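Student: Supplied structure: my_file-v2.txt, compact mmCIF, C-alpha atoms and all ligand atoms.
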# COMPACT_ATOMS: atom_id res chain seq x y z
CA MET G 1 6.14 3.94 16.00
CA LYS G 2 2.74 3.87 14.35
CA LEU G 3 1.34 7.04 12.79
CA ALA G 4 -2.24 7.47 11.65
CA ASN G 5 -4.30 10.05 9.82
CA LEU G 6 -7.42 10.58 11.91
CA ASP G 7 -10.70 12.45 11.61
CA LEU G 8 -12.57 13.59 14.70
CA ALA G 9 -15.83 15.44 14.05
CA GLY G 10 -14.60 16.66 10.68
CA GLU G 11 -11.17 17.74 11.89
CA LYS G 12 -8.26 15.92 10.28
CA PHE G 13 -4.95 15.43 12.08
CA ILE G 14 -1.97 13.11 12.34
CA ALA G 15 -1.50 11.11 15.52
CA LEU G 16 0.85 8.70 17.19
CA VAL G 17 -1.13 5.52 17.84
CA ASP G 18 -0.75 2.58 20.19
CA THR G 19 -2.92 -0.12 18.65
CA ASP G 20 -2.48 -2.45 21.65
CA LYS G 21 -3.75 0.15 24.07
CA THR G 22 -6.17 1.46 21.41
CA ARG G 23 -5.09 5.03 22.23
CA TYR G 24 -3.76 7.96 20.24
CA TRP G 25 -1.88 11.21 20.82
CA PRO G 26 -2.30 14.03 18.27
CA ILE G 27 1.14 15.07 16.99
CA GLN G 28 0.22 18.67 17.74
CA SER G 29 -0.22 17.77 21.42
CA LEU G 30 3.38 16.49 21.45
CA VAL G 31 4.98 19.07 19.12
CA ALA G 32 3.12 22.34 19.51
CA GLN G 33 4.39 23.97 16.32
CA PHE G 34 3.50 21.00 14.08
CA ARG G 35 0.94 21.61 11.34
CA GLY G 36 -0.04 19.55 8.35
CA GLY G 37 -0.60 16.02 7.17
CA MET G 38 1.46 12.84 6.95
CA VAL G 39 3.70 14.15 4.15
CA HIS G 40 4.64 17.14 6.33
CA LEU G 41 5.34 14.81 9.22
CA VAL G 42 7.61 12.69 7.01
CA GLN G 43 9.46 15.84 5.92
CA GLN G 44 9.92 17.11 9.48
CA PHE G 45 10.40 13.75 11.16
CA ASP G 46 14.13 14.00 11.88
CA GLN G 47 13.66 17.35 13.65
CA ILE G 48 10.69 16.32 15.81
CA LYS G 49 11.02 12.56 16.34
CA ARG G 50 12.58 12.88 19.81
CA ASP G 51 9.33 14.48 21.01
CA LEU G 52 7.11 11.77 19.53
CA GLU G 53 6.46 9.76 22.67
CA PRO G 54 3.12 9.12 24.33
CA ARG G 55 2.47 11.74 26.98
CA GLY G 56 -0.36 11.03 29.37
CA GLU G 57 -3.13 8.52 28.86
CA GLY G 58 -3.98 9.44 25.31
CA LEU G 59 -7.37 9.44 23.62
CA LEU G 60 -9.59 6.56 22.54
CA LEU G 61 -8.79 5.43 19.01
CA ALA G 62 -12.28 3.95 18.63
CA GLU G 63 -13.78 7.44 18.83
CA ALA G 64 -11.91 8.73 15.76
CA ALA G 65 -12.27 7.70 12.12
CA ILE G 66 -9.06 6.28 10.60
CA LEU G 67 -8.32 7.69 7.15
CA ALA G 68 -5.74 6.45 4.65
CA PRO G 69 -2.36 7.46 6.18
CA ILE G 70 -1.47 9.38 3.01
CA ASP G 71 -4.93 10.19 1.73
CA GLN G 72 -3.82 12.96 -0.62
CA PRO G 73 -0.49 11.88 -2.13
CA ARG G 74 1.31 14.65 -3.98
CA ARG G 75 1.54 12.45 -7.04
CA ASN G 76 0.68 9.00 -8.32
CA ILE G 77 1.31 5.85 -6.31
CA PHE G 78 4.23 3.96 -7.89
CA CYS G 79 3.31 0.30 -8.40
CA VAL G 80 5.19 -2.84 -9.39
CA GLY G 81 3.63 -5.61 -11.48
CA LYS G 82 4.53 -9.31 -11.50
CA ASN G 83 6.99 -9.00 -8.61
CA TYR G 84 6.51 -12.45 -7.03
CA HIS G 85 7.46 -15.46 -9.20
CA GLU G 86 4.34 -17.52 -8.47
CA HIS G 87 2.08 -14.55 -9.16
CA ALA G 88 3.90 -13.80 -12.44
CA ALA G 89 3.22 -17.41 -13.44
CA GLU G 90 -0.46 -17.39 -12.42
CA PHE G 91 -0.98 -14.08 -14.24
CA GLN G 92 0.55 -15.38 -17.44
CA ASN G 93 -1.39 -18.65 -17.25
CA SER G 94 -4.67 -16.77 -16.67
CA GLY G 95 -4.71 -15.31 -20.19
CA PHE G 96 -5.31 -11.81 -18.75
CA ASP G 97 -1.72 -10.62 -19.21
CA SER G 98 -1.37 -8.83 -22.53
CA SER G 99 2.10 -7.57 -21.52
CA ALA G 100 3.95 -10.89 -21.17
CA LYS G 101 6.37 -12.28 -23.69
CA ASN G 102 5.73 -15.88 -24.72
CA GLY G 103 6.96 -18.33 -22.11
CA GLU G 104 8.05 -15.56 -19.78
CA HIS G 105 7.83 -16.47 -16.08
CA ALA G 106 9.21 -13.31 -14.55
CA PRO G 107 10.12 -9.98 -16.13
CA GLU G 108 13.81 -9.18 -16.66
CA ALA G 109 13.33 -5.68 -15.24
CA PRO G 110 10.74 -4.27 -12.81
CA VAL G 111 7.33 -3.65 -14.39
CA ILE G 112 6.39 -0.17 -13.17
CA PHE G 113 3.00 1.51 -13.49
CA THR G 114 1.11 4.05 -11.41
CA LYS G 115 -2.27 4.66 -9.84
CA PRO G 116 -3.47 8.27 -9.58
CA ALA G 117 -3.70 9.86 -6.14
CA SER G 118 -7.49 9.96 -6.56
CA THR G 119 -7.69 6.15 -6.17
CA VAL G 120 -6.77 6.25 -2.47
CA ILE G 121 -9.44 5.30 0.07
CA GLY G 122 -9.06 4.51 3.77
CA PRO G 123 -9.50 1.42 5.93
CA GLY G 124 -13.13 0.41 6.06
CA GLY G 125 -13.94 2.49 2.99
CA LYS G 126 -16.14 0.84 0.38
CA ILE G 127 -14.43 -0.17 -2.88
CA PRO G 128 -16.79 1.04 -5.63
CA GLY G 129 -18.04 -1.90 -7.71
CA HIS G 130 -18.12 0.19 -10.93
CA THR G 131 -20.99 -1.87 -12.35
CA GLY G 132 -21.25 -1.30 -16.08
CA VAL G 133 -17.56 -0.37 -16.29
CA THR G 134 -16.03 -3.65 -15.10
CA SER G 135 -17.35 -7.11 -14.33
CA GLN G 136 -13.95 -8.54 -13.35
CA LEU G 137 -12.95 -6.87 -10.09
CA ASP G 138 -9.86 -8.34 -8.38
CA TYR G 139 -7.79 -7.76 -5.24
CA GLU G 140 -3.99 -7.60 -4.76
CA ALA G 141 -2.44 -7.54 -1.27
CA GLU G 142 0.76 -5.46 -1.25
CA LEU G 143 3.35 -3.99 1.08
CA GLY G 144 3.43 -0.21 0.64
CA VAL G 145 6.80 1.51 1.10
CA VAL G 146 6.68 5.16 2.19
CA ILE G 147 9.71 7.20 1.13
CA GLY G 148 11.30 9.40 3.78
CA LYS G 149 14.38 11.20 2.54
CA GLY G 150 13.97 11.94 -1.17
CA GLY G 151 16.65 11.80 -3.81
CA ARG G 152 17.70 10.91 -7.32
CA GLY G 153 20.23 8.28 -8.29
CA ILE G 154 19.82 6.39 -5.01
CA LYS G 155 21.96 3.25 -4.99
CA LYS G 156 20.77 -0.10 -3.63
CA ALA G 157 23.28 -0.01 -0.78
CA ASP G 158 21.82 3.26 0.50
CA ALA G 159 18.18 2.67 -0.50
CA MET G 160 16.84 1.45 2.85
CA ASN G 161 17.99 4.73 4.43
CA HIS G 162 15.36 6.40 2.24
CA VAL G 163 12.49 4.27 3.57
CA PHE G 164 10.38 6.11 6.13
CA GLY G 165 8.02 3.26 6.86
CA TYR G 166 5.45 0.80 5.64
CA THR G 167 1.72 0.49 5.16
CA VAL G 168 -0.76 -1.96 3.65
CA ILE G 169 -2.17 -1.48 0.15
CA ASN G 170 -4.83 -3.26 -1.89
CA ASP G 171 -3.98 -2.76 -5.58
CA VAL G 172 -7.58 -3.25 -6.76
CA THR G 173 -7.75 -4.11 -10.45
CA ALA G 174 -10.40 -4.33 -13.17
CA ARG G 175 -9.00 -7.33 -15.08
CA ASP G 176 -11.18 -6.81 -18.16
CA LEU G 177 -9.90 -3.23 -18.54
CA GLN G 178 -6.32 -4.25 -17.78
CA LYS G 179 -6.46 -6.81 -20.59
CA LEU G 180 -8.48 -4.81 -23.13
CA HIS G 181 -6.39 -1.63 -22.95
CA ARG G 182 -2.96 -3.36 -22.80
CA GLN G 183 -1.43 -0.53 -20.78
CA TRP G 184 -2.49 -1.17 -17.18
CA PHE G 185 -3.35 2.40 -16.18
CA LEU G 186 -7.12 2.29 -16.75
CA GLY G 187 -7.67 -1.10 -15.14
CA LYS G 188 -5.74 0.00 -12.05
CA SER G 189 -7.03 3.54 -11.67
CA LEU G 190 -10.80 3.59 -11.22
CA ASP G 191 -11.98 5.67 -8.28
CA GLY G 192 -11.43 3.89 -4.97
CA PHE G 193 -8.97 1.35 -6.37
CA CYS G 194 -6.23 2.01 -3.78
CA PRO G 195 -7.34 1.13 -0.25
CA MET G 196 -4.44 2.07 2.09
CA GLY G 197 -3.81 1.83 5.82
CA PRO G 198 -4.59 1.63 8.62
CA HIS G 199 -1.38 3.48 9.58
CA VAL G 200 2.30 3.87 8.72
CA VAL G 201 4.79 1.88 10.79
CA THR G 202 8.23 3.46 10.89
CA ALA G 203 11.04 1.47 9.30
CA ASP G 204 12.96 0.99 12.57
CA GLU G 205 10.19 -1.32 13.82
CA VAL G 206 9.85 -3.62 10.81
CA ASP G 207 12.12 -5.62 8.53
CA GLY G 208 10.16 -4.84 5.38
CA GLN G 209 12.26 -7.33 3.43
CA ASN G 210 11.13 -10.34 5.47
CA ILE G 211 7.53 -10.16 6.65
CA ASP G 212 4.47 -12.31 6.02
CA ILE G 213 1.73 -10.99 3.75
CA LYS G 214 -1.72 -12.59 3.75
CA CYS G 215 -5.10 -11.89 2.22
CA TRP G 216 -8.53 -13.32 2.96
CA VAL G 217 -11.75 -12.84 1.01
CA ASN G 218 -14.84 -13.47 3.15
CA GLY G 219 -12.64 -15.41 5.58
CA GLU G 220 -11.07 -17.65 2.92
CA LEU G 221 -7.25 -17.41 2.87
CA ARG G 222 -6.30 -16.57 -0.73
CA GLN G 223 -2.77 -15.10 -0.54
CA ASN G 224 -0.03 -16.24 1.86
CA SER G 225 3.58 -15.28 1.18
CA ASN G 226 6.55 -13.29 2.50
CA THR G 227 8.20 -10.14 1.16
CA SER G 228 11.54 -11.99 1.03
CA LYS G 229 10.12 -13.60 -2.14
CA LEU G 230 9.94 -10.34 -4.10
CA VAL G 231 11.54 -10.77 -7.55
CA PHE G 232 12.89 -7.22 -7.34
CA ASN G 233 13.49 -6.27 -3.71
CA ILE G 234 12.89 -2.87 -2.12
CA PRO G 235 16.46 -1.53 -2.71
CA THR G 236 16.26 -2.55 -6.38
CA LEU G 237 12.88 -0.83 -6.78
CA ILE G 238 14.18 2.38 -5.19
CA GLU G 239 17.33 2.34 -7.34
CA THR G 240 15.29 1.71 -10.50
CA LEU G 241 12.67 4.40 -9.80
CA SER G 242 15.10 7.04 -8.55
CA ALA G 243 17.56 6.64 -11.41
CA GLY G 244 15.80 9.36 -13.38
CA ILE G 245 12.87 10.38 -11.18
CA GLU G 246 13.66 12.32 -8.03
CA LEU G 247 11.84 10.53 -5.23
CA GLN G 248 10.08 12.84 -2.78
CA PRO G 249 9.25 12.46 0.90
CA GLY G 250 5.84 10.81 1.19
CA ASP G 251 6.03 8.99 -2.14
CA VAL G 252 4.44 5.55 -1.92
CA ILE G 253 5.60 2.40 -3.72
CA ALA G 254 3.23 -0.59 -3.86
CA THR G 255 5.72 -3.44 -4.15
CA GLY G 256 3.62 -6.07 -5.93
CA THR G 257 1.29 -8.90 -4.99
CA PRO G 258 1.96 -12.59 -4.31
CA ALA G 259 0.09 -15.51 -5.89
CA GLY G 260 -3.56 -16.14 -5.06
CA VAL G 261 -5.39 -13.26 -6.73
CA GLY G 262 -8.83 -13.93 -8.23
CA ILE G 263 -7.54 -14.70 -11.74
CA GLY G 264 -5.14 -17.24 -10.26
CA PHE G 265 -8.10 -19.60 -9.80
CA ASN G 266 -9.84 -21.65 -12.47
CA PRO G 267 -12.49 -20.45 -12.92
CA PRO G 268 -11.44 -16.98 -11.70
CA LYS G 269 -12.88 -15.76 -8.39
CA PHE G 270 -13.82 -12.16 -9.11
CA LEU G 271 -15.04 -9.88 -6.35
CA GLN G 272 -18.76 -9.30 -5.89
CA ARG G 273 -20.69 -6.63 -4.03
CA GLY G 274 -20.53 -7.29 -0.27
CA ASP G 275 -17.24 -9.23 -0.39
CA LEU G 276 -14.85 -8.39 2.46
CA ILE G 277 -11.13 -8.25 1.67
CA ARG G 278 -8.80 -8.50 4.67
CA ILE G 279 -5.07 -7.98 4.16
CA GLU G 280 -2.66 -8.59 7.02
CA ILE G 281 1.03 -7.73 6.85
CA GLN G 282 3.12 -8.90 9.78
CA ASN G 283 4.00 -6.09 12.20
CA VAL G 284 2.54 -3.53 9.78
CA GLY G 285 -1.21 -3.84 10.13
CA VAL G 286 -4.56 -5.13 8.93
CA LEU G 287 -6.50 -3.43 6.13
CA GLU G 288 -10.15 -4.33 5.57
CA ASN G 289 -12.47 -3.09 2.84
CA GLU G 290 -15.79 -4.25 1.48
CA VAL G 291 -16.92 -4.07 -2.12
CA GLY G 292 -19.78 -1.58 -2.45
CA GLU G 293 -22.14 -0.52 -5.22
MG MG K 1 -0.30 -5.01 -7.95
Mind turning this structure into structure tokens?
Tutor:
Amino acid sequence: MKLANLDLAGEKFIALVDTDKTRYWPIQSLVAQFRGGMVHLVQQFDQIKRDLEPRGEGLLLAEAAILAPIDQPRRNIFCVGKNYHEHAAEFQNSGFDSSAKNGEHAPEAPVIFTKPASTVIGPGGKIPGHTGVTSQLDYEAELGVVIGKGGRGIKKADAMNHVFGYTVINDVTARDLQKLHRQWFLGKSLDGFCPMGPHVVTADEVDGQNIDIKCWVNGELRQNSNTSKLVFNIPTLIETLSAGIELQPGDVIATGTPAGVGIGFNPPKFLQRGDLIRIEIQNVGVLENEVGE
């Protein structure tokens, strides 16, 4: 099922959505006692899921604003760098990677960093251009994994049982800051640098380990790959992260971007004001954002 975080006349609520029929059903109309946001829904999902079926005609999705599905994460978004071979190579060849060892094509262990919760914006939200702070704005199409059941010391064999669902993420990056400051945090964490959405698709509907991921800028196809090409797959990422950090329901992992980002081109194709970034992940959704002021 698809679950969205909606806003109708200033009132925020979680809803079951049918994107084909362009209709939605507020969770509270299906489960009377339900209160709260997407993280609460993830926590209570096993108890209420049998009631989460469309009842009646539903309401028109076009009349509500779609917010990021997890617009106020309880903590930072976990992110993975250089997690597709061809992207690891293009990043190293670009000269922007101050973290690579000489001649390294892919890291020997997952490269983990985070983006603060404050970076999250919704579908259709404008990505701030941050003029005067960065002049090298770049996009990164990524599959977002939403954790369901939390835990520490999760093993690979059990890891997929901890995946609640999937969403689409744009890991927006200021390349000049990423390079200058060596640690990636600043270049990845400016306000508005984590477009997310348009909804969460539950894991039973999608094979997150084998789906196409594509990104267009102003209609030009830039990224075109499949999540089966991840260097470190989803179970490995969950095992690595949870070894010493207890994962919590509603945690989000951005799994890394394939080749074709702006710095993969010579000369680089940095984003400009007015550029439209469209990311499509098979059976998960389409996320579109424009670069603003
Ligand atoms: Mg990334």
Student: Quick one: which chain G residues come within 8 Å of ligand MG 1 (chain K), and what is the nearest atom pair for each with the distance in Å to one decimal, counting only C-alpha atoms and all ligand atoms, rows ordered by chain and ascending number, as JSON lines?
Tutor:
{"residue": "G:Cys79", "atom": "CA", "partner": "K:MG1", "partner_atom": "MG", "distance": 6.4}
{"residue": "G:Val80", "atom": "CA", "partner": "K:MG1", "partner_atom": "MG", "distance": 6.1}
{"residue": "G:Gly81", "atom": "CA", "partner": "K:MG1", "partner_atom": "MG", "distance": 5.3}
{"residue": "G:Lys82", "atom": "CA", "partner": "K:MG1", "partner_atom": "MG", "distance": 7.4}
{"residue": "G:Glu140", "atom": "CA", "partner": "K:MG1", "partner_atom": "MG", "distance": 5.5}
{"residue": "G:Ala141", "atom": "CA", "partner": "K:MG1", "partner_atom": "MG", "distance": 7.5}
{"residue": "G:Glu142", "atom": "CA", "partner": "K:MG1", "partner_atom": "MG", "distance": 6.8}
{"residue": "G:Asn170", "atom": "CA", "partner": "K:MG1", "partner_atom": "MG", "distance": 7.8}
{"residue": "G:Asp171", "atom": "CA", "partner": "K:MG1", "partner_atom": "MG", "distance": 4.9}
{"residue": "G:Val172", "atom": "CA", "partner": "K:MG1", "partner_atom": "MG", "distance": 7.6}
{"residue": "G:Thr173", "atom": "CA", "partner": "K:MG1", "partner_atom": "MG", "distance": 7.9}
{"residue": "G:Ala254", "atom": "CA", "partner": "K:MG1", "partner_atom": "MG", "distance": 7.0}
{"residue": "G:Thr255", "atom": "CA", "partner": "K:MG1", "partner_atom": "MG", "distance": 7.3}
{"residue": "G:Gly256", "atom": "CA", "partner": "K:MG1", "partner_atom": "MG", "distance": 4.5}
{"residue": "G:Thr257", "atom": "CA", "partner": "K:MG1", "partner_atom": "MG", "distance": 5.1}
Student: Store the residues of this selection in a file with C-alpha atoms, as a PDB file, in the coordinates of the input.
Tutor:
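The file below, result_24.pdb, is the result:
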ATOM      1  CA  CYS G  79       3.310   0.300  -8.400  1.00  0.00           C
ATOM      2  CA  VAL G  80       5.190  -2.840  -9.390  1.00  0.00           C
ATOM      3  CA  GLY G  81       3.630  -5.610 -11.480  1.00  0.00           C
ATOM      4  CA  LYS G  82       4.530  -9.310 -11.500  1.00  0.00           C
ATOM      5  CA  GLU G 140      -3.990  -7.600  -4.760  1.00  0.00           C
ATOM      6  CA  ALA G 141      -2.440  -7.540  -1.270  1.00  0.00           C
ATOM      7  CA  GLU G 142       0.760  -5.460  -1.250  1.00  0.00           C
ATOM      8  CA  ASN G 170      -4.830  -3.260  -1.890  1.00  0.00           C
ATOM      9  CA  ASP G 171      -3.980  -2.760  -5.580  1.00  0.00           C
ATOM     10  CA  VAL G 172      -7.580  -3.250  -6.760  1.00  0.00           C
ATOM     11  CA  THR G 173      -7.750  -4.110 -10.450  1.00  0.00           C
ATOM     12  CA  ALA G 254       3.230  -0.590  -3.860  1.00  0.00           C
ATOM     13  CA  THR G 255       5.720  -3.440  -4.150  1.00  0.00           C
ATOM     14  CA  GLY G 256       3.620  -6.070  -5.930  1.00  0.00           C
ATOM     15  CA  THR G 257       1.290  -8.900  -4.990  1.00  0.00           C
TER      16      THR G 257
END
Student: Return as AutoDock Vina command-line options the centre and edge lengths, in Å with one decimal, of the box along x, y and z that encloses every atom of segment 100-117 of chain G in the file, padded by 3 Å per side.
Tutor:
--center_x 5.1 --center_y -4.2 --center_z -15.4 --size_x 23.5 --size_y 34.2 --size_z 24.6
Student: Which of these residues is nearest to Glu108 of chain G, using all atoms listed in the file: G:Val231, G:Gln43, G:Gly144, G:Pro123?
Tutor: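 The closest residue to Glu108 of chain G is G:Val231.
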Student: Taking only residues of segment 121-160 of chain G that have an atom at most 10 Å from an atom of segment 262-268 of chain G, what is each one's shortest atom pair and its distance in Å to one decimal, using all atoms listed in the file, in chain and number order, as a tab-separated table?
Tutor:
residue	atom	partner	partner_atom	distance
G:Gln136	CA	G:Pro268	CA	9.0
G:Leu137	CA	G:Gly262	CA	8.4
G:Asp138	CA	G:Gly262	CA	5.7
G:Tyr139	CA	G:Gly262	CA	6.9
G:Glu140	CA	G:Gly262	CA	8.7
Student: Any chance you could tabulate, as CSV, the residues of segment 46-132 of chain G at most 10 Å from segment 156-169 of chain G with each one's nearest atom pair and distance in Å to one decimal, using all atoms listed in the file, in chain and rising number order?
Tutor:
residue,atom,partner,partner_atom,distance
G:Ala68,CA,G:Thr167,CA,9.6
G:Pro69,CA,G:Thr167,CA,8.1
G:Ile70,CA,G:Thr167,CA,9.7
G:Val120,CA,G:Ile169,CA,9.4
G:Ile121,CA,G:Ile169,CA,9.9
G:Gly122,CA,G:Ile169,CA,9.8
G:Pro123,CA,G:Val168,CA,9.6
Student: Residues within 6 Å of Asp275 of chain G, please, as a PyMOL selection string. Count all atoms listed in the file; anything in the same chain fewer than 2 positions from it doesn't count.
Tutor: chain G and resi 272-273+290-291
Student: So which one's closest to Asp18 of chain G, G:Leu30, G:Pro54, G:Arg152, G:Thr131? Using only C-alpha atoms, please.
Tutor: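 Residue with the minimum atom-to-atom distance to Asp18 of chain G: G:Pro54.
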Student: Can you work out the spacing between atom CA of Glu53 of chain G and atom CA of Leu6 of chain G in Å, to one decimal?
Tutor: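 These two atoms are separated by 17.6 Å.
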Student: Expressed in Å to a single decimal, how great is the separation between atom CA of Asp51 of chain G and atom CA of Ile27 of chain G?
Tutor: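 Going from atom CA of Asp51 of chain G over to atom CA of Ile27 of chain G, I get 9.1 Å.
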Student: To one decimal in Å, tell me the separation between atom CA of Asn83 of chain G and atom CA of Ile277 of chain G.
Tutor: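 Separation between atom CA of Asn83 of chain G and atom CA of Ile277 of chain G: 20.8 Å.
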Student: Find the residue from G:Lys101, G:Lys214, G:Asp20, G:Thr134 that sits nearest to Leu287 of chain G; use only C-alpha atoms when measuring.
Tutor: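 Selected residue with least distance to Leu287 of chain G: G:Lys214.
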Student: Would you mind listing what lies within 8 Å of Ile14 of chain G as a list in words, with only C-alpha atoms counted and same-chain residues fewer than 4 positions away left out?
Tutor: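 These residues fall inside the cut-off: Leu3, Ala4, Asn5, Leu6, Pro26, Ile27, Gly36, Gly37 and Met38 of chain G.
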Student: Show me, as a short mmCIF file (atom, residue, chain, number, x, y, z; two decimals) with C-alpha atoms, in the coordinates of the input, the residues that have an atom within 7 Å of segment 181-188 of chain G when counting only C-alpha atoms, minus same-chain residues fewer than 6 positions from it.
Tutor:
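So result.cif came out as:
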data_model
loop_
_atom_site.label_atom_id
_atom_site.label_comp_id
_atom_site.auth_asym_id
_atom_site.auth_seq_id
_atom_site.Cartn_x
_atom_site.Cartn_y
_atom_site.Cartn_z
CA SER G 98 -1.37 -8.83 -22.53
CA SER G 99 2.10 -7.57 -21.52
CA PHE G 113 3.00 1.51 -13.49
CA THR G 114 1.11 4.05 -11.41
CA LYS G 115 -2.27 4.66 -9.84
CA VAL G 172 -7.58 -3.25 -6.76
CA THR G 173 -7.75 -4.11 -10.45
CA ALA G 174 -10.40 -4.33 -13.17
CA ARG G 175 -9.00 -7.33 -15.08
#
Student: Hey, which of G:Cys215, G:Met1, G:Val31, G:Ile77 ends up closest to Leu276 of chain G? Count all atoms listed in the file.
Tutor: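 Closest to Leu276 of chain G, using all atoms listed in the file: G:Cys215.
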Student: For Asp97 of chain G, which residue among G:Leu180, G:Ile281, G:Ile112, G:Val201 is the nearest when counting only C-alpha atoms?
Tutor: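 Closest to Asp97 of chain G, using only C-alpha atoms: G:Leu180.
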Student: Taking only C-alpha atoms into account, which of G:Asp212, G:Asn289, G:Ala88, G:Leu52 comes nearest Leu143 of chain G?
Tutor: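 Of the candidates, the smallest distance to Leu143 of chain G is held by G:Asp212.
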Student: With 8 Å as the threshold, what does the neighbourhood of (-10.9, 4.1, -6.3) contain in terms of residues, counting all atoms listed in the file? Coordinates are those of the file; answer as a VMD selection string.
Tutor: chain G and resid 118 to 121 127 to 128 189 to 195
